[in-house]
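With compact mmCIF, C-alpha atoms inside, this is final22.txt:
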```txt
# COMPACT_ATOMS: atom_id res chain seq x y z
CA MET A 1 -18.04 -26.91 -19.87
CA GLU A 2 -15.41 -28.91 -21.75
CA VAL A 3 -12.87 -26.87 -23.71
CA TYR A 4 -10.95 -28.76 -26.35
CA LEU A 5 -7.54 -27.21 -27.17
CA ARG A 6 -6.27 -28.64 -30.41
CA HIS A 7 -2.94 -26.81 -30.84
CA HIS A 8 -0.28 -25.78 -28.34
CA LYS A 9 2.99 -23.91 -28.31
CA GLU A 10 5.85 -25.66 -30.12
CA ALA A 11 3.40 -28.09 -31.72
CA ASP A 12 4.90 -27.78 -35.22
CA ARG A 13 1.35 -27.23 -36.51
CA LYS A 14 0.46 -30.78 -35.54
CA PRO A 15 -2.62 -31.25 -33.36
CA LYS A 16 -1.85 -32.18 -29.75
CA PRO A 17 -5.35 -32.14 -28.30
CA THR A 18 -5.99 -31.52 -24.61
CA MET A 19 -9.43 -31.29 -23.05
CA PHE A 20 -10.00 -29.08 -20.00
CA LEU A 21 -13.10 -28.98 -17.82
CA PHE A 22 -14.30 -25.49 -16.89
CA ARG A 23 -16.56 -25.15 -13.87
CA GLU A 24 -18.86 -22.39 -12.72
CA HIS A 25 -17.49 -19.84 -10.29
CA PRO A 26 -19.74 -17.84 -7.95
CA LEU A 27 -18.04 -14.59 -9.01
CA ALA A 28 -18.96 -13.57 -12.56
CA ILE A 29 -15.60 -11.90 -13.19
CA LEU A 30 -13.80 -15.23 -12.52
CA CYS A 31 -16.31 -17.52 -14.25
CA PRO A 32 -15.00 -18.59 -17.69
CA ILE A 33 -18.32 -20.21 -18.57
CA SER A 34 -20.14 -16.87 -18.20
CA HIS A 35 -17.76 -15.13 -20.63
CA ILE A 36 -17.89 -17.91 -23.25
CA LEU A 37 -21.67 -18.16 -22.92
CA ALA A 38 -22.04 -14.41 -23.44
CA ARG A 39 -19.93 -14.65 -26.60
CA ALA A 40 -22.02 -17.58 -27.90
CA ILE A 41 -25.31 -15.73 -27.27
CA ARG A 42 -23.99 -12.59 -28.96
CA ASP A 43 -22.86 -14.57 -32.04
CA ASN A 44 -26.07 -16.66 -32.10
CA ALA A 45 -23.89 -19.76 -32.30
CA ILE A 46 -26.18 -22.19 -30.45
CA ASP A 47 -27.89 -24.74 -32.68
CA ILE A 48 -31.18 -24.95 -30.77
CA ALA A 49 -33.56 -22.07 -31.49
CA GLY A 50 -34.77 -20.09 -28.52
CA TYR A 51 -31.48 -19.96 -26.60
CA THR A 52 -30.86 -16.32 -27.46
CA SER A 53 -30.79 -15.03 -23.88
CA THR A 54 -29.26 -16.09 -20.59
CA GLU A 55 -32.41 -17.08 -18.68
CA PRO A 56 -33.08 -20.45 -20.43
CA PHE A 57 -29.62 -21.74 -19.49
CA PHE A 58 -30.32 -21.29 -15.78
CA SER A 59 -34.07 -21.96 -15.64
CA THR A 60 -34.44 -25.05 -17.87
CA HIS A 61 -35.43 -28.24 -15.99
CA LEU A 62 -33.58 -31.12 -17.62
CA SER A 63 -34.68 -34.73 -17.36
CA LYS A 64 -31.06 -35.96 -17.62
CA SER A 65 -28.07 -35.31 -15.41
CA THR A 66 -26.03 -34.01 -18.35
CA THR A 67 -27.06 -32.70 -21.74
CA LYS A 68 -24.74 -31.76 -24.57
CA MET A 69 -25.45 -28.48 -26.32
CA ALA A 70 -24.26 -28.30 -29.92
CA TRP A 71 -23.03 -25.26 -31.83
CA LYS A 72 -24.26 -24.42 -35.29
CA SER A 73 -22.31 -26.16 -38.01
CA SER A 74 -21.32 -22.77 -39.48
CA TRP A 75 -19.55 -21.87 -36.22
CA LEU A 76 -17.60 -25.07 -35.67
CA LYS A 77 -14.54 -23.83 -37.58
CA ARG A 78 -14.70 -20.20 -36.44
CA PRO A 79 -12.42 -18.91 -33.69
CA VAL A 80 -13.97 -17.71 -30.43
CA PHE A 81 -11.72 -14.67 -30.12
CA ARG A 82 -11.68 -12.77 -33.40
CA LYS A 83 -10.17 -9.53 -34.60
CA SER A 84 -12.11 -6.38 -35.39
CA VAL A 85 -12.25 -5.34 -39.04
CA ARG A 86 -13.43 -2.15 -40.67
CA THR A 87 -16.46 -2.38 -42.94
CA SER A 88 -17.01 -0.50 -46.16
CA SER A 89 -18.91 2.23 -44.32
CA GLY A 90 -16.04 2.84 -41.89
CA LYS A 91 -17.58 0.97 -38.93
CA TRP A 92 -15.81 -1.66 -36.85
CA GLU A 93 -17.22 -5.16 -36.58
CA LYS A 94 -16.00 -8.56 -35.41
CA SER A 95 -14.71 -10.70 -38.25
CA ASP A 96 -16.38 -14.08 -38.74
CA THR A 97 -13.22 -15.96 -39.67
CA GLU A 98 -10.06 -13.99 -38.80
CA PRO A 99 -8.70 -14.79 -35.31
CA MET A 100 -7.30 -12.16 -32.99
CA LYS A 101 -3.56 -11.83 -33.51
CA TYR A 102 -1.07 -12.61 -30.78
CA ALA A 103 0.33 -9.06 -31.06
CA THR A 104 -3.10 -7.67 -30.13
CA TYR A 105 -3.39 -10.04 -27.17
CA ALA A 106 0.12 -9.12 -26.01
CA PHE A 107 -0.74 -5.41 -26.30
CA TYR A 108 -3.83 -5.89 -24.13
CA LEU A 109 -1.84 -7.75 -21.45
CA ASP A 110 0.88 -5.10 -21.42
CA ARG A 111 -1.71 -2.33 -21.10
CA ILE A 112 -3.43 -4.11 -18.20
CA GLY A 113 -0.10 -4.49 -16.42
CA LYS A 114 0.71 -0.81 -16.87
CA ASN A 115 -2.74 0.26 -15.69
CA LEU A 116 -2.29 -1.85 -12.55
CA GLY A 117 1.13 -0.37 -11.92
CA SER A 118 2.90 -3.73 -12.19
CA GLU A 119 6.67 -3.74 -11.78
CA GLU A 120 7.05 -6.46 -14.40
CA LYS A 121 5.88 -6.52 -17.99
CA TRP A 122 2.78 -8.70 -18.42
CA THR A 123 3.01 -11.29 -21.18
CA SER A 124 1.27 -14.54 -22.02
CA TYR A 125 4.14 -16.35 -20.30
CA CYS A 126 3.06 -14.77 -17.00
CA MET A 127 -0.30 -16.53 -17.33
CA ARG A 128 1.32 -19.79 -18.42
CA HIS A 129 3.90 -19.69 -15.64
CA GLY A 130 1.26 -18.80 -13.07
CA ASN A 131 -0.96 -21.68 -14.16
CA ILE A 132 1.86 -24.22 -13.97
CA ASN A 133 3.21 -22.88 -10.68
CA ALA A 134 -0.29 -23.11 -9.17
CA ILE A 135 -0.64 -26.84 -9.88
CA ILE A 136 2.96 -27.98 -9.31
CA GLU A 137 2.44 -28.45 -5.58
CA LYS A 138 -1.06 -29.94 -5.90
CA ALA A 139 -0.94 -32.21 -8.94
CA PRO A 140 1.38 -35.10 -9.88
CA ASN A 141 4.13 -34.52 -12.40
CA ALA A 142 2.22 -36.38 -15.12
CA VAL A 143 -0.68 -33.92 -14.87
CA VAL A 144 1.67 -30.93 -14.86
CA ASP A 145 3.38 -32.21 -18.01
CA GLN A 146 -0.01 -32.82 -19.64
CA VAL A 147 -1.23 -29.29 -18.88
CA ALA A 148 2.02 -27.74 -20.12
CA ARG A 149 2.33 -30.21 -23.02
CA HIS A 150 5.91 -31.06 -21.98
CA ASP A 151 7.88 -34.20 -22.64
CA PRO A 152 8.79 -35.58 -19.18
CA ASN A 153 12.31 -36.43 -20.38
CA THR A 154 13.28 -32.92 -21.50
CA GLY A 155 13.33 -31.26 -18.07
CA CYS A 156 11.66 -28.16 -19.52
CA LYS A 157 9.55 -27.66 -16.40
CA GLU A 158 12.54 -27.61 -14.05
CA ASN A 159 14.62 -25.37 -16.32
CA ALA A 160 12.08 -22.76 -17.41
CA TYR A 161 8.79 -22.94 -15.55
CA LEU A 162 9.68 -23.20 -11.89
CA ASN A 163 9.10 -19.94 -10.06
CA HIS A 164 12.36 -18.07 -9.51
CA ARG A 165 10.95 -16.93 -6.16
CA VAL A 166 11.27 -19.93 -3.83
CA GLY A 167 7.79 -20.71 -2.55
CA TYR A 168 8.93 -22.50 0.58
CA ASN A 169 9.88 -21.36 4.06
CA VAL A 170 13.49 -22.52 3.88
CA GLN A 171 14.57 -20.53 6.94
CA ASP A 172 12.04 -22.09 9.32
CA ALA A 173 12.67 -25.54 7.88
CA PHE A 174 16.37 -25.21 8.71
CA LEU A 175 15.59 -23.85 12.20
CA LEU A 176 13.08 -26.68 12.82
CA ARG A 177 10.21 -24.23 13.32
CA ASP A 178 6.56 -24.62 12.37
CA LEU A 179 6.39 -24.03 8.61
CA SER A 180 2.79 -22.80 8.76
CA ALA A 181 3.54 -20.07 11.30
CA ASP A 182 2.66 -17.25 8.92
CA GLY A 183 1.58 -16.59 5.34
CA LEU A 184 4.54 -14.45 4.30
CA THR A 185 5.90 -17.08 1.92
CA ARG A 186 2.73 -17.16 -0.12
CA ALA A 187 2.25 -13.39 0.11
CA PHE A 188 5.73 -12.50 -1.14
CA THR A 189 5.60 -14.98 -4.01
CA HIS A 190 2.23 -13.70 -5.24
CA ILE A 191 2.08 -11.14 -8.01
CA SER A 192 -0.23 -8.83 -6.04
CA ILE A 193 2.62 -7.51 -3.88
CA ARG A 194 4.47 -6.17 -6.92
CA TYR A 195 1.87 -3.81 -8.31
CA ASN A 196 0.55 -0.38 -7.35
CA PRO A 197 -2.51 1.04 -9.14
CA GLU A 198 -1.46 4.57 -8.17
CA VAL A 199 1.61 4.48 -10.43
CA PRO A 200 0.98 6.80 -13.42
CA LYS A 201 0.55 5.12 -16.77
CA GLU A 202 2.61 7.79 -18.54
CA ILE A 203 4.49 11.00 -17.91
CA PRO A 204 2.21 14.04 -17.60
CA LYS A 205 2.17 15.94 -20.86
CA GLU A 206 3.18 19.20 -19.22
CA ASP A 207 6.56 17.61 -18.37
CA ILE A 208 7.46 17.12 -22.01
CA ARG A 209 8.35 20.38 -23.71
CA GLN A 210 9.81 19.85 -27.13
CA GLN A 211 9.40 22.01 -30.15
CA TYR A 212 10.05 21.00 -33.74
CA GLY A 213 10.10 23.07 -36.89
CA PHE A 214 7.96 22.26 -39.94
CA ILE A 215 8.77 22.63 -43.59
CA LYS A 216 6.61 25.06 -45.58
CA THR A 217 7.60 24.88 -49.20
CA ALA A 218 10.30 22.72 -50.76
CA PRO A 219 11.05 20.67 -53.89
CA GLU A 220 9.53 17.21 -54.16
CA ASP A 221 12.75 15.33 -53.33
CA VAL A 222 13.27 17.47 -50.25
CA ILE A 223 9.68 16.86 -49.10
CA LYS A 224 10.14 13.10 -49.60
CA GLU A 225 13.30 13.13 -47.49
CA TYR A 226 11.52 15.27 -44.91
CA ARG A 227 8.64 12.76 -44.64
CA GLN A 228 11.11 9.94 -44.06
CA LEU A 229 12.84 11.96 -41.36
CA GLN A 230 9.44 12.56 -39.80
CA ARG A 231 8.80 8.81 -39.62
CA ASN A 232 12.22 8.22 -38.11
CA LEU A 233 11.61 10.98 -35.61
CA LYS A 234 8.25 9.49 -34.65
CA ASN A 235 9.84 6.10 -34.01
CA ALA A 236 12.65 7.67 -31.99
CA GLU A 237 10.15 9.68 -29.95
CA LYS A 238 8.14 6.55 -29.15
CA CYS A 239 11.23 4.65 -28.00
CA PHE A 240 12.34 7.60 -25.90
CA ARG A 241 8.86 8.05 -24.42
CA ASP A 242 8.64 4.36 -23.50
CA LYS A 243 12.05 4.40 -21.82
CA ILE A 244 11.52 7.64 -19.90
CA THR A 245 8.04 6.48 -18.85
CA GLU A 246 9.49 3.34 -17.32
CA VAL A 247 12.09 5.44 -15.46
CA PHE A 248 9.34 7.78 -14.25
CA ARG A 249 7.15 4.90 -13.03
CA GLU A 250 10.06 3.29 -11.17
CA ALA A 251 10.91 6.62 -9.54
CA TYR A 252 7.29 7.01 -8.48
CA ARG A 253 7.33 3.56 -6.86
CA ARG A 254 10.41 4.52 -4.82
CA TYR A 255 8.78 7.82 -3.87
CA VAL A 256 5.61 6.09 -2.60
CA HIS A 257 7.53 3.72 -0.34
CA ASN A 258 9.92 6.43 0.90
CA ALA A 259 7.02 8.77 1.67
CA GLU A 260 5.30 6.04 3.68
CA LEU A 261 8.48 5.39 5.68
CA GLU A 262 8.89 9.12 6.36
CA ARG A 263 5.32 9.36 7.62
CA GLN A 264 5.95 6.43 9.93
CA LEU A 265 9.16 8.05 11.21
CA ASN A 266 7.33 11.33 11.90
CA ARG A 267 4.37 9.46 13.42
CA MET A 268 1.95 10.95 10.90
CA VAL A 269 -1.38 9.19 10.63
CA VAL A 270 -3.02 9.34 7.20
CA GLY A 271 -6.55 8.08 6.75
CA GLU A 272 -7.32 5.61 4.02
CA GLU A 273 -8.53 7.26 0.85
CA ALA A 274 -11.73 6.05 -0.70
CA GLU A 275 -11.26 4.05 -3.86
CA PRO A 276 -12.13 6.29 -6.82
CA THR A 277 -15.14 5.36 -8.91
CA ILE A 278 -14.53 5.10 -12.64
CA ILE A 279 -17.37 6.41 -14.80
CA HIS A 280 -17.45 5.03 -18.35
CA GLN A 281 -19.26 6.43 -21.36
CA LEU A 282 -21.55 3.44 -21.78
CA GLU A 283 -24.14 2.75 -19.12
CA GLU A 284 -23.83 -1.00 -19.80
CA ARG A 285 -20.17 -0.85 -18.83
CA ASN A 286 -20.95 1.07 -15.62
CA GLN A 287 -23.57 -1.49 -14.58
CA LEU A 288 -21.28 -4.41 -15.48
CA GLN A 289 -18.47 -2.84 -13.47
CA VAL A 290 -20.64 -2.88 -10.35
CA ILE A 291 -21.49 -6.57 -10.77
CA LEU A 292 -17.97 -7.75 -11.63
CA CYS A 293 -16.52 -5.83 -8.67
CA ASP A 294 -18.99 -7.45 -6.27
CA PHE A 295 -16.87 -10.13 -4.55
CA ASN A 296 -19.53 -11.31 -2.14
CA ILE A 297 -19.52 -15.13 -2.18
CA ASP A 298 -21.98 -15.58 0.71
CA LEU A 299 -25.05 -15.32 -1.51
CA ASP A 300 -27.52 -18.16 -1.78
CA LEU A 301 -28.02 -20.09 -5.01
CA HIS A 302 -30.93 -17.95 -6.21
CA GLN A 303 -29.13 -14.64 -5.64
CA ASN A 304 -25.89 -15.91 -7.16
CA THR A 305 -27.71 -17.18 -10.27
CA LYS A 306 -29.57 -13.89 -10.60
CA ARG A 307 -26.30 -11.94 -10.41
CA LYS A 308 -24.66 -14.17 -13.00
CA ILE A 309 -27.61 -13.86 -15.41
CA ARG A 310 -27.47 -10.09 -15.07
CA ALA A 311 -23.71 -10.09 -15.77
CA ILE A 312 -24.02 -12.24 -18.90
CA ASN A 313 -26.87 -10.12 -20.27
CA LEU A 314 -24.81 -6.97 -19.74
CA ILE A 315 -21.80 -8.52 -21.48
CA VAL A 316 -23.99 -9.43 -24.47
CA SER A 317 -25.36 -5.87 -24.57
CA LEU A 318 -21.92 -4.32 -24.16
CA VAL A 319 -20.31 -6.13 -27.09
CA SER A 320 -23.02 -4.62 -29.32
CA ARG A 321 -21.98 -1.08 -28.38
CA ARG A 322 -18.86 0.94 -29.13
CA GLU A 323 -17.16 3.62 -27.12
CA THR A 324 -15.52 6.51 -28.90
CA ARG A 325 -12.88 9.00 -27.94
CA GLN A 326 -14.08 12.01 -26.03
CA LEU A 327 -14.82 14.63 -28.66
CA ARG A 328 -14.89 18.36 -28.08
CA LEU A 329 -18.38 19.26 -29.17
CA SER A 330 -19.54 22.67 -30.26
CA THR A 331 -21.68 24.90 -28.07
CA PRO A 332 -25.18 23.38 -27.94
CA CYS A 333 -27.80 25.23 -29.91
CA GLU A 334 -31.51 25.49 -29.24
CA ASP A 335 -32.22 22.31 -31.15
CA SER A 336 -29.43 20.35 -29.39
CA PRO A 337 -30.63 17.64 -26.98
CA PRO A 338 -30.21 18.57 -23.30
CA GLU A 339 -27.37 16.61 -21.75
CA ASP A 340 -28.93 16.28 -18.31
CA LEU A 341 -31.78 14.07 -19.49
CA PRO A 342 -31.37 10.28 -19.74
CA GLU A 343 -30.95 8.80 -23.18
CA GLU A 344 -34.10 6.69 -22.93
CA LYS A 345 -36.26 9.83 -22.72
CA LEU A 346 -34.44 11.57 -25.53
CA LEU A 347 -34.53 8.84 -28.14
CA PRO A 348 -36.38 5.58 -27.44
CA ASP A 349 -35.94 4.34 -31.01
CA ASN A 350 -34.49 5.30 -34.37
CA GLU A 351 -37.87 6.33 -35.76
CA GLN A 352 -37.79 9.55 -33.72
CA ILE A 353 -34.67 10.84 -35.50
CA PRO A 354 -35.96 13.57 -37.81
CA LEU A 355 -35.69 12.96 -41.51
CA VAL A 356 -34.07 16.39 -42.00
CA ILE A 357 -31.07 16.75 -39.71
CA ASN A 358 -28.78 19.67 -38.99
CA LYS A 359 -26.29 20.58 -41.70
CA ARG A 360 -23.45 20.10 -39.18
CA GLN A 361 -24.40 16.49 -38.33
CA CYS A 362 -22.86 13.37 -39.89
CA ILE A 363 -25.26 11.27 -41.96
CA TYR A 364 -23.29 8.10 -41.12
CA CYS A 365 -23.10 8.61 -37.34
CA VAL A 366 -26.81 9.40 -37.04
CA GLY A 367 -27.68 5.86 -38.13
CA ASP A 368 -24.93 4.03 -36.22
CA THR A 369 -26.84 2.35 -33.37
CA VAL A 370 -23.69 1.06 -31.61
CA LEU A 371 -22.59 4.60 -30.74
CA LEU A 372 -23.66 6.69 -27.80
CA LEU A 373 -26.65 8.91 -28.40
CA LYS A 374 -24.70 12.13 -27.85
CA VAL A 375 -22.10 10.93 -30.38
CA ARG A 376 -24.78 10.06 -32.94
CA LEU A 377 -26.40 13.49 -32.64
CA ARG A 378 -23.24 15.56 -32.19
CA LYS A 379 -22.81 18.73 -34.22
CA PHE A 380 -19.52 19.89 -35.63
CA SER A 381 -18.45 23.50 -35.22
CA LYS A 382 -18.64 24.16 -38.98
CA PRO A 383 -20.15 22.32 -41.97
CA SER A 384 -16.67 22.11 -43.49
CA ASN A 385 -15.43 20.13 -40.47
CA MET A 386 -18.34 17.72 -40.93
CA MET A 387 -17.47 17.32 -44.62
CA THR A 388 -13.84 16.56 -43.80
CA TYR A 389 -14.86 14.05 -41.14
CA VAL A 390 -17.20 12.20 -43.53
CA GLU A 391 -14.50 12.05 -46.20
CA ASN A 392 -11.66 10.88 -43.92
CA VAL A 393 -13.63 8.48 -41.71
CA HIS A 394 -16.50 7.08 -43.80
CA LEU A 395 -16.20 7.78 -47.53
CA LYS A 396 -12.54 6.78 -47.41
CA HIS A 397 -13.61 3.15 -46.97
CA GLU A 398 -16.54 3.22 -49.43
CA SER A 399 -16.07 1.70 -52.85
CA THR A 400 -16.25 4.32 -55.60
CA ILE A 401 -17.76 1.73 -57.95
CA GLY A 402 -21.18 0.34 -57.22
CA ARG A 403 -24.34 1.34 -55.43
CA PHE A 404 -24.57 3.22 -52.13
CA VAL A 405 -26.64 2.89 -48.97
CA CYS A 406 -28.09 5.82 -47.04
CA HIS A 407 -27.37 5.17 -43.35
CA HIS A 408 -30.13 7.39 -42.01
CA PRO A 409 -32.60 5.28 -39.97
CA GLY A 410 -35.44 6.43 -42.23
CA CYS A 411 -33.69 5.14 -45.37
CA LYS A 412 -31.90 1.98 -44.18
CA HIS A 413 -34.80 -0.23 -45.25
CA LEU A 414 -34.29 0.91 -48.87
CA ARG A 415 -30.79 -0.65 -48.87
CA ASP A 416 -28.56 0.17 -51.88
CA PHE A 417 -31.03 2.27 -53.87
CA LEU A 418 -28.47 4.96 -54.71
CA ARG A 419 -26.73 4.50 -58.07
CA ASP A 420 -23.32 6.05 -57.31
CA LEU A 421 -21.46 8.50 -55.08
CA ASP A 422 -22.93 11.59 -56.75
CA HIS A 423 -26.44 10.22 -56.34
CA PHE A 424 -25.69 9.54 -52.66
CA LYS A 425 -24.44 13.08 -52.02
CA ALA A 426 -27.42 14.59 -53.85
CA HIS A 427 -29.84 12.42 -51.86
CA VAL A 428 -28.25 13.45 -48.53
CA GLN A 429 -28.49 17.15 -49.41
CA ILE A 430 -32.05 17.10 -50.83
CA VAL A 431 -33.69 14.68 -48.39
CA HIS A 432 -31.70 15.05 -45.16
CA GLY A 433 -30.11 18.52 -45.33
CA PRO A 434 -26.28 18.20 -44.91
CA GLN A 435 -24.20 19.05 -47.93
CA LEU A 436 -21.13 16.98 -48.79
CA ARG A 437 -18.21 18.05 -50.92
CA LYS A 438 -18.56 17.40 -54.61
```
Let's see the structure in the file written out as structure tokens.
Amino acid sequence: MEVYLRHHKEADRKPKPTMFLFREHPLAILCPISHILARAIRDNAIDIAGYTSTEPFFSTHLSKSTTKMAWKSSWLKRPVFRKSVRTSSGKWEKSDTEPMKYATYAFYLDRIGKNLGSEEKWTSYCMRHGNINAIIEKAPNAVVDQVARHDPNTGCKENAYLNHRVGYNVQDAFLLRDLSADGLTRAFTHISIRYNPEVPKEIPKEDIRQQYGFIKTAPEDVIKEYRQLQRNLKNAEKCFRDKITEVFREAYRRYVHNAELERQLNRMVVGEEAEPTIIHQLEERNQLQVILCDFNIDLDLHQNTKRKIRAINLIVSLVSRRETRQLRLSTPCEDSPPEDLPEEKLLPDNEQIPLVINKRQCIYCVGDTVLLLKVRLRKFSKPSNMMTYVENVHLKHESTIGRFVCHHPGCKHLRDFLRDLDHFKAHVQIVHGPQLRK
């Protein structure tokens, strides 16, 4: 797959095109083509009809050695990685035109680094430096400058992009020893030696004990000043929490190494702990986790292709779902679905959702097919809590002017048949049961 990068850093908004060739990798987690192909299938961006699943890409018998596959003309100017936007009904969807911001990408990288227990902050420069450092010893200087988009006469590569950890066995070279005697040089210059997944991501909440008073009644100017002080306090708390978390993580790293040295001094043998299994809310994510964590590269072509097809199909299915925060649900009633049964047996399709639902269920969530089944059918502890949730999460983003849509699966085909907000609330109460605030 050829990837055409039109703009680069420090390009002054002038195109400096560079074309890279991406190749298939036997491991799905490291195969860029699999991820881009999954995104294209999900967006239905392929011009030829029928390529809406993964199987045709791996089973088609071509009469030519190479065949170019074109995107739809409507997708040629759209970014591949786009930001999520909130719709009028309060749902989150991928925007068709707005690209993902760099701040979001930087936040994701920083979170990955913290989850891995990395000693250094992960930024986009880590990826850029790693890419350049990987090809410096294997490619000529002209190729390195082309990849980095550097002017050979500026010396930018030597000044900023050379690894500050010397990747050469200087000691053995001086002592005239065999330079390939061990792999310590490569091991100590690799990023994997400077991370520990066991390092906590944050300080345990029970270690933070701070109490603050709250204002009850006050004049308007005092309340306004109090709100501003609250915002300042929130910012100060975040800065303090970030700093103390970094100190806590560094102290934990020292403790892990010191504890290991003490065990060695006392000749204590500790068995290796089994790697914990992470269980996600979505079954698609659990199945994809198993495939992406399978690093077996000794499979034959048929088995490797089958694994890659399964991974791409799961990625396409996963991007159509949405995980939510773990909610504290009320005690299940007699009409609540049993949690020990699989979702497929509880609700094969939307047609089996009853037309009249419980008065403590959300009319919006019941029809949201990207949510988990237990989230769609959850019941709030009181009808008033359901009313507040609908107002703050869904109706807050609805336009007060214009027609409304009932999101119940039994009414979605009618589209915007409700005249206004009052008609919508009356329809929900008369037809479906839950009562919303007037």
For this session: Could you tell me how far atom CA of A:Thr18 lies from atom CA of A:Val147, in Å and to one decimal?
Result: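 Going from atom CA of A:Thr18 over to atom CA of A:Val147 covers 7.8 Å.
Using all atoms listed in the file, the shortest contact distance between A:Gln146 and any of A:Cys411, A:Met19, A:Leu30, A:Leu318 is found at A:Met19.
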Exercise. Atom CA of A:Thr388 and atom CA of A:Leu436 are how many Å apart?
Worked result: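 Computing it gives 8.8 Å between the two atoms.
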Could you give me, as a PDB file with C-alpha atoms, keeping the file's coordinate frame, the residues within 10 Å of A:Arg285, counting only C-alpha atoms and dropping anything in the same chain fewer than 4 positions from it?
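Output contents, as saved in part-v1.pdb:
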```
ATOM      1  CA  ILE A 279     -17.370   6.410 -14.800  1.00  0.00           C
ATOM      2  CA  HIS A 280     -17.450   5.030 -18.350  1.00  0.00           C
ATOM      3  CA  GLN A 281     -19.260   6.430 -21.360  1.00  0.00           C
ATOM      4  CA  GLN A 289     -18.470  -2.840 -13.470  1.00  0.00           C
ATOM      5  CA  VAL A 290     -20.640  -2.880 -10.350  1.00  0.00           C
ATOM      6  CA  ILE A 291     -21.490  -6.570 -10.770  1.00  0.00           C
ATOM      7  CA  LEU A 314     -24.810  -6.970 -19.740  1.00  0.00           C
ATOM      8  CA  ILE A 315     -21.800  -8.520 -21.480  1.00  0.00           C
ATOM      9  CA  SER A 317     -25.360  -5.870 -24.570  1.00  0.00           C
ATOM     10  CA  LEU A 318     -21.920  -4.320 -24.160  1.00  0.00           C
ATOM     11  CA  VAL A 319     -20.310  -6.130 -27.090  1.00  0.00           C
ATOM     12  CA  ARG A 321     -21.980  -1.080 -28.380  1.00  0.00           C
ATOM     13  CA  GLU A 323     -17.160   3.620 -27.120  1.00  0.00           C
TER      14      GLU A 323
END
```
Problem set entry | Length of the atom CA of A:Glu119 to atom CA of A:Tyr255 vector [Å] |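 Between atom CA of A:Glu119 and atom CA of A:Tyr255 the gap works out to 14.2 Å.
Of the listed residues A:Lys374, A:Arg310, A:Lys359, A:Lys68, the one whose atoms come nearest to A:Val428 is A:Lys359, with distances taken using all atoms listed in the file.
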For this session: Check the smallest atom-to-atom distance from each of A:Tyr4, A:Asp416, A:Asp242, A:Cys31 to A:Leu292 using only C-alpha atoms, then report the winner.
Result: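 Among A:Tyr4, A:Asp416, A:Asp242, A:Cys31, it is A:Cys31 that comes nearest to A:Leu292.
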Problem set entry | Among the residues A:Phe58, A:Val316, A:Glu262, A:Ala49, the one that comes closest to A:Ile36 [using all atoms listed in the file] | A:Val316
For this session: Between A:Val356, A:Leu37, A:Leu261, A:Ile132, single out the one closest to A:His427, counting all atoms listed in the file.
Result: A:Val356
Seminar exercise, completed: A:Tyr105 proximity check over A:Trp122, A:Phe240, A:Phe295, A:Tyr389, using all atoms listed in the file: winner is A:Trp122
